[in-house]
$ cat input10.txt   # compact mmCIF, C-alpha atoms
# COMPACT_ATOMS: atom_id res chain seq x y z
CA MET A 56 19.63 -38.09 22.99
CA ARG A 57 17.09 -37.00 20.33
CA GLY A 58 17.05 -33.43 21.66
CA ALA A 59 20.86 -33.30 21.73
CA GLY A 60 21.01 -34.54 18.15
CA MET A 61 18.57 -31.87 16.96
CA GLN A 62 20.55 -29.14 18.71
CA ALA A 63 23.74 -30.27 16.99
CA GLU A 64 22.06 -30.33 13.58
CA ASN A 65 20.50 -26.91 14.18
CA GLY A 66 23.89 -25.43 14.99
CA GLY A 67 22.92 -24.64 18.60
CA ASN A 68 20.09 -22.61 20.05
CA ALA A 69 21.63 -19.13 19.86
CA GLU A 70 19.10 -16.39 19.08
CA GLU A 71 18.88 -15.40 15.41
CA GLN A 72 17.98 -11.95 14.09
CA ALA A 73 15.97 -11.17 10.95
CA LEU A 74 14.28 -8.24 9.22
CA ALA A 75 10.59 -8.34 8.30
CA LEU A 76 8.16 -6.02 6.52
CA TRP A 77 5.62 -4.69 9.05
CA LEU A 78 2.48 -2.71 8.25
CA THR A 79 2.74 -0.14 11.04
CA GLU A 80 -0.64 1.56 10.50
CA ALA A 81 -3.17 1.87 7.69
CA GLY A 82 -1.25 2.97 4.60
CA ARG A 83 2.23 2.83 6.18
CA CYS A 84 4.92 0.17 6.45
CA ALA A 85 8.53 -0.29 7.57
CA VAL A 86 11.23 -2.94 7.68
CA ARG A 87 11.81 -3.91 11.30
CA PRO A 88 14.24 -6.25 13.09
CA GLU A 89 13.00 -9.12 15.19
CA THR A 90 14.48 -12.01 17.12
CA LEU A 91 13.78 -15.54 15.92
CA ARG A 92 13.10 -18.08 18.61
CA PRO A 93 15.39 -21.13 18.80
CA LEU A 94 14.43 -24.15 16.72
CA ARG A 95 12.46 -26.95 18.33
CA ASP A 96 12.21 -30.57 17.31
CA GLY A 97 10.58 -30.86 13.89
CA GLU A 98 11.33 -27.28 12.81
CA VAL A 99 13.57 -25.67 10.19
CA LEU A 100 15.16 -22.26 9.69
CA VAL A 101 14.57 -20.88 6.18
CA ARG A 102 16.57 -18.13 4.50
CA SER A 103 14.39 -16.29 2.00
CA LEU A 104 15.31 -16.06 -1.67
CA PHE A 105 12.08 -14.50 -2.97
CA SER A 106 8.57 -13.66 -1.85
CA GLY A 107 5.56 -12.57 -3.87
CA ILE A 108 3.16 -9.69 -3.21
CA SER A 109 -0.49 -10.65 -3.66
CA ARG A 110 -1.76 -7.22 -4.70
CA GLY A 111 -5.50 -7.58 -4.11
CA THR A 112 -5.44 -9.12 -0.63
CA GLU A 113 -2.40 -7.22 0.58
CA ALA A 114 -3.91 -3.89 -0.53
CA LEU A 115 -7.01 -4.54 1.59
CA VAL A 116 -4.82 -5.44 4.57
CA PHE A 117 -2.46 -2.49 4.01
CA HIS A 118 -5.32 0.02 4.00
CA GLY A 119 -7.09 -1.52 7.00
CA LEU A 120 -10.11 -2.70 4.99
CA VAL A 121 -10.45 -6.19 6.47
CA PRO A 122 -13.92 -6.33 8.13
CA GLU A 123 -13.77 -6.97 11.86
CA GLY A 124 -15.92 -10.07 11.48
CA GLU A 125 -13.36 -11.55 9.06
CA HIS A 126 -10.25 -10.97 11.18
CA GLU A 127 -9.90 -14.54 12.35
CA ARG A 128 -10.60 -16.11 8.94
CA MET A 129 -8.17 -13.73 7.23
CA ARG A 130 -5.24 -14.47 9.52
CA GLY A 131 -2.41 -15.86 7.45
CA PRO A 132 -0.02 -18.54 8.63
CA HIS A 133 2.72 -16.94 10.76
CA MET A 134 1.11 -13.51 10.51
CA GLY A 135 2.47 -11.20 13.21
CA GLY A 136 0.23 -8.82 15.15
CA ASP A 137 -3.41 -8.26 14.24
CA PHE A 138 -5.49 -6.32 11.72
CA SER A 139 -5.76 -3.30 14.02
CA PHE A 140 -2.00 -2.77 13.32
CA PRO A 141 0.88 -3.24 13.48
CA LEU A 142 1.08 -6.53 11.60
CA LYS A 143 3.20 -8.46 9.14
CA TYR A 144 1.39 -10.20 6.30
CA GLY A 145 2.06 -12.23 3.17
CA TYR A 146 1.90 -15.86 2.13
CA ALA A 147 4.29 -16.55 -0.74
CA ALA A 148 7.87 -17.09 0.45
CA VAL A 149 10.53 -19.18 -1.26
CA GLY A 150 13.81 -19.95 0.45
CA VAL A 151 16.52 -22.41 1.41
CA ILE A 152 16.57 -24.45 4.61
CA GLU A 153 19.67 -23.42 6.58
CA LYS A 154 19.09 -25.27 9.85
CA GLY A 155 17.12 -28.33 10.87
CA PRO A 156 17.41 -32.07 10.21
CA ALA A 157 20.55 -32.82 8.23
CA ALA A 158 18.60 -34.45 5.39
CA ARG A 159 16.77 -31.20 4.62
CA ILE A 160 19.57 -28.62 4.88
CA GLY A 161 20.06 -26.91 1.51
CA GLU A 162 16.57 -27.81 0.27
CA THR A 163 14.68 -25.10 -1.63
CA VAL A 164 11.15 -24.74 -0.30
CA PHE A 165 7.91 -22.78 -0.55
CA CYS A 166 6.27 -21.53 2.66
CA LEU A 167 3.11 -19.61 3.50
CA HIS A 168 4.93 -16.87 5.38
CA PRO A 169 5.05 -13.04 5.48
CA HIS A 170 7.82 -11.04 3.81
CA GLN A 171 10.87 -11.72 6.00
CA GLN A 172 14.59 -12.43 5.51
CA ARG A 173 14.74 -15.59 7.63
CA PHE A 174 12.09 -17.44 9.60
CA VAL A 175 11.30 -20.61 11.55
CA VAL A 176 8.51 -23.00 10.51
CA ALA A 177 7.54 -26.60 11.13
CA GLN A 178 9.10 -29.09 8.70
CA ASN A 179 5.73 -29.95 7.18
CA GLU A 180 5.14 -26.28 6.36
CA ALA A 181 8.30 -26.15 4.20
CA HIS A 182 7.24 -27.64 0.86
CA ALA A 183 10.08 -28.81 -1.38
CA LEU A 184 10.02 -27.39 -4.91
CA PRO A 185 9.55 -30.03 -7.61
CA ALA A 186 12.30 -30.48 -10.17
CA GLY A 187 11.81 -28.02 -13.01
CA VAL A 188 10.20 -25.26 -10.92
CA PRO A 189 12.64 -22.35 -10.51
CA PRO A 190 12.56 -20.58 -7.11
CA ALA A 191 11.82 -17.23 -8.76
CA ARG A 192 8.59 -18.63 -10.27
CA ALA A 193 7.56 -20.56 -7.17
CA VAL A 194 6.28 -17.32 -5.57
CA LEU A 195 3.13 -17.99 -7.66
CA ALA A 196 2.33 -21.16 -5.70
CA ALA A 197 -0.30 -19.66 -3.39
CA ASN A 198 -2.05 -17.99 -6.34
CA MET A 199 -1.95 -21.23 -8.31
CA GLU A 200 -3.43 -23.08 -5.34
CA THR A 201 -6.28 -20.55 -5.25
CA ALA A 202 -6.87 -20.87 -9.00
CA LEU A 203 -6.90 -24.66 -8.76
CA ASN A 204 -9.53 -24.47 -6.02
CA ILE A 205 -11.60 -22.12 -8.19
CA ILE A 206 -11.56 -24.56 -11.10
CA TRP A 207 -12.66 -27.33 -8.74
CA ASP A 208 -15.50 -25.15 -7.41
CA ALA A 209 -16.45 -24.19 -10.96
CA ASP A 210 -16.59 -27.86 -11.98
CA VAL A 211 -15.27 -27.09 -15.46
CA LEU A 212 -15.66 -30.12 -17.75
CA PRO A 213 -14.32 -30.94 -21.24
CA GLY A 214 -16.18 -29.01 -23.89
CA ASP A 215 -17.44 -26.24 -21.58
CA ARG A 216 -17.55 -22.61 -22.66
CA VAL A 217 -15.77 -20.74 -19.87
CA ALA A 218 -15.61 -16.99 -19.21
CA VAL A 219 -13.14 -15.66 -16.64
CA PHE A 220 -13.60 -12.02 -15.63
CA GLY A 221 -10.41 -10.35 -14.40
CA ALA A 222 -6.90 -10.82 -15.78
CA GLY A 223 -5.13 -10.39 -12.48
CA VAL A 224 -2.88 -13.19 -11.28
CA VAL A 225 -5.63 -15.45 -9.92
CA GLY A 226 -8.00 -14.82 -12.83
CA ALA A 227 -5.26 -15.38 -15.39
CA LEU A 228 -4.20 -18.62 -13.71
CA ALA A 229 -7.82 -19.82 -13.55
CA GLY A 230 -8.16 -19.05 -17.26
CA TRP A 231 -4.90 -20.85 -18.01
CA LEU A 232 -6.06 -23.95 -16.11
CA ALA A 233 -9.51 -23.94 -17.73
CA ALA A 234 -8.01 -23.57 -21.20
CA ARG A 235 -5.92 -26.70 -20.65
CA ILE A 236 -9.02 -28.88 -20.11
CA PRO A 237 -9.67 -30.64 -23.44
CA GLY A 238 -12.38 -29.13 -25.61
CA THR A 239 -13.03 -26.04 -23.51
CA ARG A 240 -13.41 -22.63 -25.11
CA THR A 241 -12.02 -20.25 -22.51
CA VAL A 242 -11.96 -16.46 -22.73
CA LEU A 243 -10.30 -14.02 -20.32
CA ILE A 244 -12.11 -10.68 -19.92
CA ASP A 245 -10.54 -7.49 -18.55
CA ARG A 246 -11.27 -3.76 -18.84
CA ASP A 247 -7.57 -3.15 -19.47
CA ALA A 248 -6.81 -3.96 -23.11
CA GLY A 249 -3.16 -3.94 -22.06
CA ARG A 250 -3.73 -7.39 -20.53
CA ALA A 251 -4.17 -8.92 -24.00
CA PRO A 252 -0.43 -9.74 -24.33
CA LEU A 253 -0.57 -11.57 -20.99
CA ALA A 254 -3.49 -13.69 -22.20
CA ALA A 255 -1.62 -14.39 -25.44
CA ALA A 256 1.46 -15.47 -23.48
CA LEU A 257 -0.74 -17.93 -21.59
CA ASP A 258 -2.48 -19.13 -24.80
CA VAL A 259 -5.90 -17.93 -23.60
CA ASP A 260 -8.34 -15.89 -25.72
CA PHE A 261 -8.93 -12.32 -24.55
CA VAL A 262 -11.63 -9.66 -24.91
CA THR A 263 -12.55 -6.44 -23.16
CA PRO A 264 -16.03 -6.39 -21.57
CA ASP A 265 -17.64 -4.57 -24.50
CA GLY A 266 -16.34 -7.25 -26.87
CA LEU A 267 -17.87 -10.21 -25.01
CA SER A 268 -20.62 -12.09 -26.82
CA GLY A 269 -22.46 -15.40 -26.54
CA GLU A 270 -23.49 -17.62 -23.66
CA PHE A 271 -21.24 -19.62 -21.36
CA ASP A 272 -21.57 -22.77 -19.29
CA VAL A 273 -19.23 -21.63 -16.51
CA LEU A 274 -18.41 -18.03 -15.57
CA ILE A 275 -15.77 -17.03 -13.01
CA ASN A 276 -15.51 -13.55 -11.50
CA ALA A 277 -12.06 -12.64 -10.19
CA THR A 278 -12.40 -8.85 -10.40
CA ALA A 279 -13.91 -7.92 -6.99
CA SER A 280 -16.35 -5.87 -9.11
CA ASP A 281 -20.11 -6.28 -8.97
CA ALA A 282 -20.32 -4.84 -12.50
CA ALA A 283 -18.36 -7.84 -13.79
CA LEU A 284 -20.57 -10.20 -11.80
CA ALA A 285 -23.64 -8.56 -13.35
CA GLN A 286 -22.16 -9.06 -16.80
CA ALA A 287 -21.52 -12.71 -15.96
CA ILE A 288 -25.24 -13.08 -15.19
CA ASP A 289 -26.07 -11.52 -18.58
CA HIS A 290 -23.85 -14.03 -20.43
CA ALA A 291 -24.75 -17.15 -18.47
CA GLY A 292 -26.59 -19.89 -20.35
CA LEU A 293 -29.53 -21.83 -18.98
CA GLU A 294 -28.67 -23.31 -15.56
CA ALA A 295 -25.07 -22.10 -15.90
CA ARG A 296 -22.74 -21.90 -12.93
CA ILE A 297 -21.28 -18.56 -11.84
CA VAL A 298 -18.35 -18.65 -9.41
CA GLU A 299 -17.51 -15.57 -7.34
CA ALA A 300 -13.79 -15.97 -6.69
CA SER A 301 -12.90 -12.47 -5.54
CA TRP A 302 -13.15 -10.90 -2.12
CA TYR A 303 -14.79 -7.52 -1.55
CA GLY A 304 -13.60 -6.83 1.98
CA ALA A 305 -15.92 -4.30 3.62
CA ARG A 306 -17.36 -3.08 0.28
CA PRO A 307 -21.01 -3.91 -0.53
CA ALA A 308 -22.03 -5.37 -3.91
CA SER A 309 -25.23 -4.73 -5.87
CA LEU A 310 -26.60 -7.32 -8.32
CA PRO A 311 -29.51 -7.46 -10.80
CA LEU A 312 -31.25 -10.64 -9.63
CA GLY A 313 -34.41 -10.23 -11.67
CA GLY A 314 -34.87 -11.28 -15.29
CA ALA A 315 -32.07 -13.49 -16.52
CA PHE A 316 -30.99 -14.73 -13.10
CA HIS A 317 -34.35 -16.34 -12.30
CA ALA A 318 -35.49 -17.13 -15.84
CA ARG A 319 -32.29 -19.06 -16.58
CA ARG A 320 -32.16 -20.83 -13.18
CA LEU A 321 -28.60 -19.63 -12.57
CA SER A 322 -26.37 -20.60 -9.65
CA ILE A 323 -23.89 -18.24 -7.98
CA VAL A 324 -21.39 -19.93 -5.67
CA SER A 325 -18.38 -18.59 -3.80
CA SER A 326 -14.90 -20.05 -4.00
CA GLN A 327 -12.52 -19.59 -1.08
CA VAL A 328 -9.15 -21.27 -0.80
CA GLY A 329 -9.54 -21.88 2.94
CA HIS A 330 -11.74 -24.91 2.20
CA ILE A 331 -11.33 -27.79 -0.23
CA PRO A 332 -14.54 -28.40 -2.24
CA PRO A 333 -16.74 -31.16 -0.73
CA ALA A 334 -16.39 -33.49 -3.71
CA ARG A 335 -12.61 -33.73 -3.10
CA ARG A 336 -12.30 -33.61 0.68
CA ALA A 337 -12.23 -37.39 1.05
CA ARG A 338 -9.00 -37.64 -0.96
CA TRP A 339 -7.37 -34.20 -0.91
CA ASP A 340 -5.85 -32.28 1.98
CA PHE A 341 -4.10 -28.90 1.92
CA SER A 342 -0.64 -30.48 1.53
CA ARG A 343 -1.67 -32.49 -1.52
CA ARG A 344 -3.35 -29.45 -3.08
CA LEU A 345 -0.28 -27.24 -2.55
CA ALA A 346 1.99 -29.96 -3.93
CA LYS A 347 -0.13 -30.05 -7.09
CA ALA A 348 -0.07 -26.24 -7.34
CA LEU A 349 3.74 -26.30 -7.19
CA ASP A 350 3.86 -29.05 -9.80
CA LEU A 351 1.72 -26.95 -12.16
CA LEU A 352 4.34 -24.18 -12.08
CA ARG A 353 6.71 -26.06 -14.38
CA ASP A 354 5.35 -24.15 -17.41
CA ASP A 355 7.71 -21.35 -18.50
CA ARG A 356 4.79 -19.31 -19.86
CA LEU A 357 3.76 -18.49 -16.29
CA ASP A 358 6.74 -16.14 -15.93
CA ALA A 359 4.52 -13.61 -17.76
CA LEU A 360 2.66 -13.15 -14.45
CA ILE A 361 5.70 -11.58 -12.75
CA SER A 362 5.25 -7.86 -13.39
CA GLY A 363 8.23 -6.49 -11.46
CA GLU A 364 10.85 -7.11 -8.80
CA THR A 365 12.22 -5.09 -5.87
CA ALA A 366 15.05 -5.72 -3.42
CA PHE A 367 13.78 -6.43 0.10
CA MET A 368 15.67 -3.50 1.63
CA GLU A 369 13.84 -1.16 -0.77
CA ILE A 370 10.36 -2.66 -0.38
CA ALA A 371 9.11 -0.36 2.39
CA ALA A 372 9.61 2.65 0.12
CA GLY A 373 7.94 1.00 -2.86
CA TYR A 374 5.17 -1.07 -1.27
CA ARG A 375 2.38 1.53 -1.42
CA GLY A 376 3.05 2.25 -5.09
CA ILE A 377 3.22 -1.43 -6.02
CA LEU A 378 -0.20 -2.04 -4.46
CA ALA A 379 -1.69 1.09 -6.06
CA ASP A 380 -0.43 0.37 -9.59
CA PRO A 381 -3.19 -1.35 -11.65
CA ALA A 382 -0.48 -2.85 -13.86
CA THR A 383 0.88 -4.90 -10.93
CA LEU A 384 0.40 -8.65 -11.28
CA CYS A 385 2.72 -10.63 -9.01
CA HIS A 386 5.45 -8.30 -7.80
CA ARG A 387 8.45 -10.29 -6.61
CA ILE A 388 10.73 -9.34 -3.72
CA HIS A 389 14.30 -10.65 -3.86
CA TYR A 390 16.41 -11.06 -0.75

$ encode --input "input10.txt" --output "structure tokens"
Amino acid sequence: MRGAGMQAENGGNAEEQALALWLTEAGRCAVRPETLRPLRDGEVLVRSLFSGISRGTEALVFHGLVPEGEHERMRGPHMGGDFSFPLKYGYAAVGVIEKGPAARIGETVFCLHPHQQRFVVAQNEAHALPAGVPPARAVLAANMETALNIIWDADVLPGDRVAVFGAGVVGALAGWLAARIPGTRTVLIDRDAGRAPLAAALDVDFVTPDGLSGEFDVLINATASDAALAQAIDHAGLEARIVEASWYGARPASLPLGGAFHARRLSIVSSQVGHIPPARRARWDFSRRLAKALDLLRDDRLDALISGETAFMEIAAGYRGILADPATLCHRIHY
């Protein structure tokens, strides 16, 4: 009887069609049709409203720069294909549940899913948006979750002097979170002086690298640049903590580990969203962390991180340019 009830709620098991953005080969993409499998018990069908392009990661994937040894770790939820192409990628989809248990139909949800018109996921992978978080802003949830993990790894405490290198989406969100901790003095550093208005919109101080002065207790690098990491070492106080939050793909990094690094007893640690920091694992799981990330998106100031929007049916033509444009923050796709 349970199976019959699910089939009735799902509107039958007829095959559904959808369009998805596929990366067909390095540097090329196309919108392709695919057949959705019928819903099973505990699953929902989501119709997309928006999805967000994560420029840094998606550019590495688009150009085939994911190292072979990282293929398994870099697989996203519901990714299609593999990194040798073709594949579909992305992890910031917001939509409405169209089929599934009656109690959830019509619910607006966030899902870690590639760019696709409609898709099937397990119920527990469809995270309801909190009241006060508009669907158009919720595409920032995955980036906010990453920034939250960075702040946990950085162990920022009240009163700390915090330097965040890189005013991309993740760096800006990490700076915004750090600046909200009482007593901190947080500065966002970026080579592009044009990012100053973004920092101002987020109420975070801003300087270009040549304007940075003083020592800091916590330094976060979100630039994927070893030059920025070297500058972080130069500005780290005694026994300061440096967090490498960016991902270099197959590119090597060179660091000056003499002088200041040893003399000041500095620590460099990596932050990666695939793992919750040890100090929180006893109480936090991925669902709780994502729920908190969504909750943090209530602030209207965060709309400053949306740098553009493109209709889904036009995204294949614009995708390369969006990834190549250094002014891109979170580019939103609307369906």

$ closest_residue --input "input10.txt" --among "A:Gly329, A:Gly304, A:Gly230, A:Gly119" --to "A:Asp137" --atoms "all atoms listed in the file"
A:Gly119

$ closest_residue --input "input10.txt" --among "A:Phe261, A:Phe220, A:Phe165, A:Trp339" --to "A:Ser301" --atoms "only C-alpha atoms"
A:Phe220

$ residues_around --input "input10.txt" --residues "stretch 198-213 of chain A" --least-positions-apart "4" --cutoff "6 Å" --atoms "only C-alpha atoms" --output "ChimeraX atom specification"
/A:225,228-229,236-239,326,328,345,348

$ residues_near_point --input "input10.txt" --point "(16.2, -7.3, 9.4)" --cutoff "9 Å" --atoms "all atoms listed in the file" --output "VMD selection string"
chain A and resid 72 to 76 86 to 89 171 to 173 368

$ closest_residue --input "input10.txt" --among "A:Pro307, A:Pro185, A:Gly314, A:Pro169" --to "A:Leu142" --atoms "only C-alpha atoms"
A:Pro169

$ closest_residue --input "input10.txt" --among "A:Phe138, A:Ala359, A:Ala158, A:Glu180" --to "A:Glu125" --atoms "all atoms listed in the file"
A:Phe138

$ atom_distance --input "input10.txt" --atom1 "atom CA of A:Gly226" --atom2 "atom CA of A:Leu349"
17.4 Å

$ residues_around --input "input10.txt" --residues "A:Trp231" --least-positions-apart "6" --cutoff "12 Å" --atoms "only C-alpha atoms" --output "PDB file with C-alpha atoms, keeping the file's coordinate frame"
ATOM      1  CA  MET A 199      -1.950 -21.230  -8.310  1.00  0.00           C
ATOM      2  CA  ALA A 202      -6.870 -20.870  -9.000  1.00  0.00           C
ATOM      3  CA  LEU A 203      -6.900 -24.660  -8.760  1.00  0.00           C
ATOM      4  CA  ILE A 205     -11.600 -22.120  -8.190  1.00  0.00           C
ATOM      5  CA  ILE A 206     -11.560 -24.560 -11.100  1.00  0.00           C
ATOM      6  CA  VAL A 217     -15.770 -20.740 -19.870  1.00  0.00           C
ATOM      7  CA  ALA A 218     -15.610 -16.990 -19.210  1.00  0.00           C
ATOM      8  CA  VAL A 219     -13.140 -15.660 -16.640  1.00  0.00           C
ATOM      9  CA  ALA A 222      -6.900 -10.820 -15.780  1.00  0.00           C
ATOM     10  CA  GLY A 223      -5.130 -10.390 -12.480  1.00  0.00           C
ATOM     11  CA  VAL A 224      -2.880 -13.190 -11.280  1.00  0.00           C
ATOM     12  CA  VAL A 225      -5.630 -15.450  -9.920  1.00  0.00           C
ATOM     13  CA  THR A 239     -13.030 -26.040 -23.510  1.00  0.00           C
ATOM     14  CA  ARG A 240     -13.410 -22.630 -25.110  1.00  0.00           C
ATOM     15  CA  THR A 241     -12.020 -20.250 -22.510  1.00  0.00           C
ATOM     16  CA  VAL A 242     -11.960 -16.460 -22.730  1.00  0.00           C
ATOM     17  CA  LEU A 243     -10.300 -14.020 -20.320  1.00  0.00           C
ATOM     18  CA  LEU A 253      -0.570 -11.570 -20.990  1.00  0.00           C
ATOM     19  CA  ALA A 254      -3.490 -13.690 -22.200  1.00  0.00           C
ATOM     20  CA  ALA A 255      -1.620 -14.390 -25.440  1.00  0.00           C
ATOM     21  CA  ALA A 256       1.460 -15.470 -23.480  1.00  0.00           C
ATOM     22  CA  LEU A 257      -0.740 -17.930 -21.590  1.00  0.00           C
ATOM     23  CA  ASP A 258      -2.480 -19.130 -24.800  1.00  0.00           C
ATOM     24  CA  VAL A 259      -5.900 -17.930 -23.600  1.00  0.00           C
ATOM     25  CA  ASP A 260      -8.340 -15.890 -25.720  1.00  0.00           C
ATOM     26  CA  PHE A 261      -8.930 -12.320 -24.550  1.00  0.00           C
ATOM     27  CA  LEU A 351       1.720 -26.950 -12.160  1.00  0.00           C
ATOM     28  CA  LEU A 352       4.340 -24.180 -12.080  1.00  0.00           C
ATOM     29  CA  ASP A 354       5.350 -24.150 -17.410  1.00  0.00           C
ATOM     30  CA  ARG A 356       4.790 -19.310 -19.860  1.00  0.00           C
ATOM     31  CA  LEU A 357       3.760 -18.490 -16.290  1.00  0.00           C
ATOM     32  CA  ALA A 359       4.520 -13.610 -17.760  1.00  0.00           C
ATOM     33  CA  LEU A 360       2.660 -13.150 -14.450  1.00  0.00           C
TER      34      LEU A 360
END

$ atom_distance --input "input10.txt" --atom1 "atom CA of A:Gly124" --atom2 "atom CA of A:Thr112"
16.0 Å

$ residues_around --input "input10.txt" --residues "A:Leu321" --least-positions-apart "2" --cutoff "6 Å" --atoms "all atoms listed in the file" --output "MDAnalysis selection string"
chainID A and resid 294:295 316 319

$ atom_distance --input "input10.txt" --atom1 "atom CA of A:Glu364" --atom2 "atom CA of A:Gly145"
15.7 Å

$ closest_residue --input "input10.txt" --among "A:Gly187, A:Gly269, A:Gly373, A:Pro141" --to "A:Ala291" --atoms "all atoms listed in the file"
A:Gly269

$ closest_residue --input "input10.txt" --among "A:Ile160, A:Ala191, A:Arg336, A:Val121" --to "A:Ala148" --atoms "all atoms listed in the file"
A:Ala191

$ residues_around --input "input10.txt" --residues "stretch 279-286 of chain A" --least-positions-apart "6" --cutoff "9 Å" --atoms "all atoms listed in the file" --output "ChimeraX atom specification"
/A:111,220-221,264,297,299-303,307-312

$ residues_around --input "input10.txt" --residues "A:Val298" --least-positions-apart "6" --cutoff "6 Å" --atoms "all atoms listed in the file" --output "ChimeraX atom specification"
/A:275,323-325

$ decode --input "input10.txt" --residues "stretch 313-335 of chain A" --atoms "N, CA and C atoms" --output "mmCIF file, in the first residue's frame"
data_model
loop_
_atom_site.group_PDB
_atom_site.id
_atom_site.type_symbol
_atom_site.label_atom_id
_atom_site.label_comp_id
_atom_site.auth_asym_id
_atom_site.auth_seq_id
_atom_site.Cartn_x
_atom_site.Cartn_y
_atom_site.Cartn_z
ATOM 1 N N GLY A 313 61.510 30.403 4.754
ATOM 2 C CA GLY A 313 62.604 30.774 5.645
ATOM 3 C C GLY A 313 62.157 31.896 6.561
ATOM 4 N N GLY A 314 63.076 32.649 7.087
ATOM 5 C CA GLY A 314 62.814 33.863 7.856
ATOM 6 C C GLY A 314 61.588 33.876 8.731
ATOM 7 N N ALA A 315 60.619 34.678 8.327
ATOM 8 C CA ALA A 315 59.447 34.947 9.159
ATOM 9 C C ALA A 315 58.671 33.688 9.502
ATOM 10 N N PHE A 316 58.570 32.751 8.562
ATOM 11 C CA PHE A 316 57.760 31.563 8.814
ATOM 12 C C PHE A 316 58.289 30.795 10.021
ATOM 13 N N HIS A 317 59.596 30.551 10.080
ATOM 14 C CA HIS A 317 60.160 29.800 11.200
ATOM 15 C C HIS A 317 60.318 30.678 12.438
ATOM 16 N N ALA A 318 60.819 31.888 12.243
ATOM 17 C CA ALA A 318 61.097 32.757 13.390
ATOM 18 C C ALA A 318 59.834 33.062 14.181
ATOM 19 N N ARG A 319 58.698 33.171 13.481
ATOM 20 C CA ARG A 319 57.438 33.517 14.166
ATOM 21 C C ARG A 319 56.598 32.284 14.515
ATOM 22 N N ARG A 320 57.117 31.094 14.274
ATOM 23 C CA ARG A 320 56.418 29.849 14.628
ATOM 24 C C ARG A 320 54.993 29.827 14.036
ATOM 25 N N LEU A 321 54.904 30.081 12.754
ATOM 26 C CA LEU A 321 53.598 30.194 12.102
ATOM 27 C C LEU A 321 53.027 28.827 11.757
ATOM 28 N N SER A 322 51.703 28.771 11.665
ATOM 29 C CA SER A 322 50.996 27.559 11.253
ATOM 30 C C SER A 322 50.240 27.844 9.965
ATOM 31 N N ILE A 323 50.377 26.956 8.988
ATOM 32 C CA ILE A 323 49.570 27.021 7.768
ATOM 33 C C ILE A 323 48.712 25.769 7.725
ATOM 34 N N VAL A 324 47.390 25.953 7.679
ATOM 35 C CA VAL A 324 46.468 24.815 7.637
ATOM 36 C C VAL A 324 45.550 24.971 6.436
ATOM 37 N N SER A 325 45.075 23.855 5.914
ATOM 38 C CA SER A 325 44.132 23.916 4.800
ATOM 39 C C SER A 325 42.707 23.851 5.339
ATOM 40 N N SER A 326 41.797 24.426 4.570
ATOM 41 C CA SER A 326 40.373 24.328 4.888
ATOM 42 C C SER A 326 39.680 23.769 3.659
ATOM 43 N N GLN A 327 38.918 22.713 3.846
ATOM 44 C CA GLN A 327 38.210 22.088 2.722
ATOM 45 C C GLN A 327 36.821 21.690 3.195
ATOM 46 N N VAL A 328 35.818 22.100 2.445
ATOM 47 C CA VAL A 328 34.436 21.970 2.897
ATOM 48 C C VAL A 328 33.961 20.519 2.982
ATOM 49 N N GLY A 329 34.721 19.592 2.389
ATOM 50 C CA GLY A 329 34.335 18.187 2.430
ATOM 51 C C GLY A 329 34.444 17.550 3.801
ATOM 52 N N HIS A 330 35.064 18.255 4.756
ATOM 53 C CA HIS A 330 35.192 17.729 6.114
ATOM 54 C C HIS A 330 34.842 18.811 7.119
ATOM 55 N N ILE A 331 34.109 18.444 8.150
ATOM 56 C CA ILE A 331 33.815 19.355 9.255
ATOM 57 C C ILE A 331 35.009 19.340 10.201
ATOM 58 N N PRO A 332 35.470 20.511 10.684
ATOM 59 C CA PRO A 332 36.632 20.552 11.570
ATOM 60 C C PRO A 332 36.464 19.640 12.787
ATOM 61 N N PRO A 333 37.547 18.998 13.237
ATOM 62 C CA PRO A 333 37.462 18.013 14.325
ATOM 63 C C PRO A 333 36.771 18.516 15.578
ATOM 64 N N ALA A 334 36.971 19.772 15.931
ATOM 65 C CA ALA A 334 36.395 20.296 17.171
ATOM 66 C C ALA A 334 34.869 20.337 17.140
ATOM 67 N N ARG A 335 34.268 20.220 15.936
ATOM 68 C CA ARG A 335 32.805 20.318 15.824
ATOM 69 C C ARG A 335 32.140 19.019 15.371
#
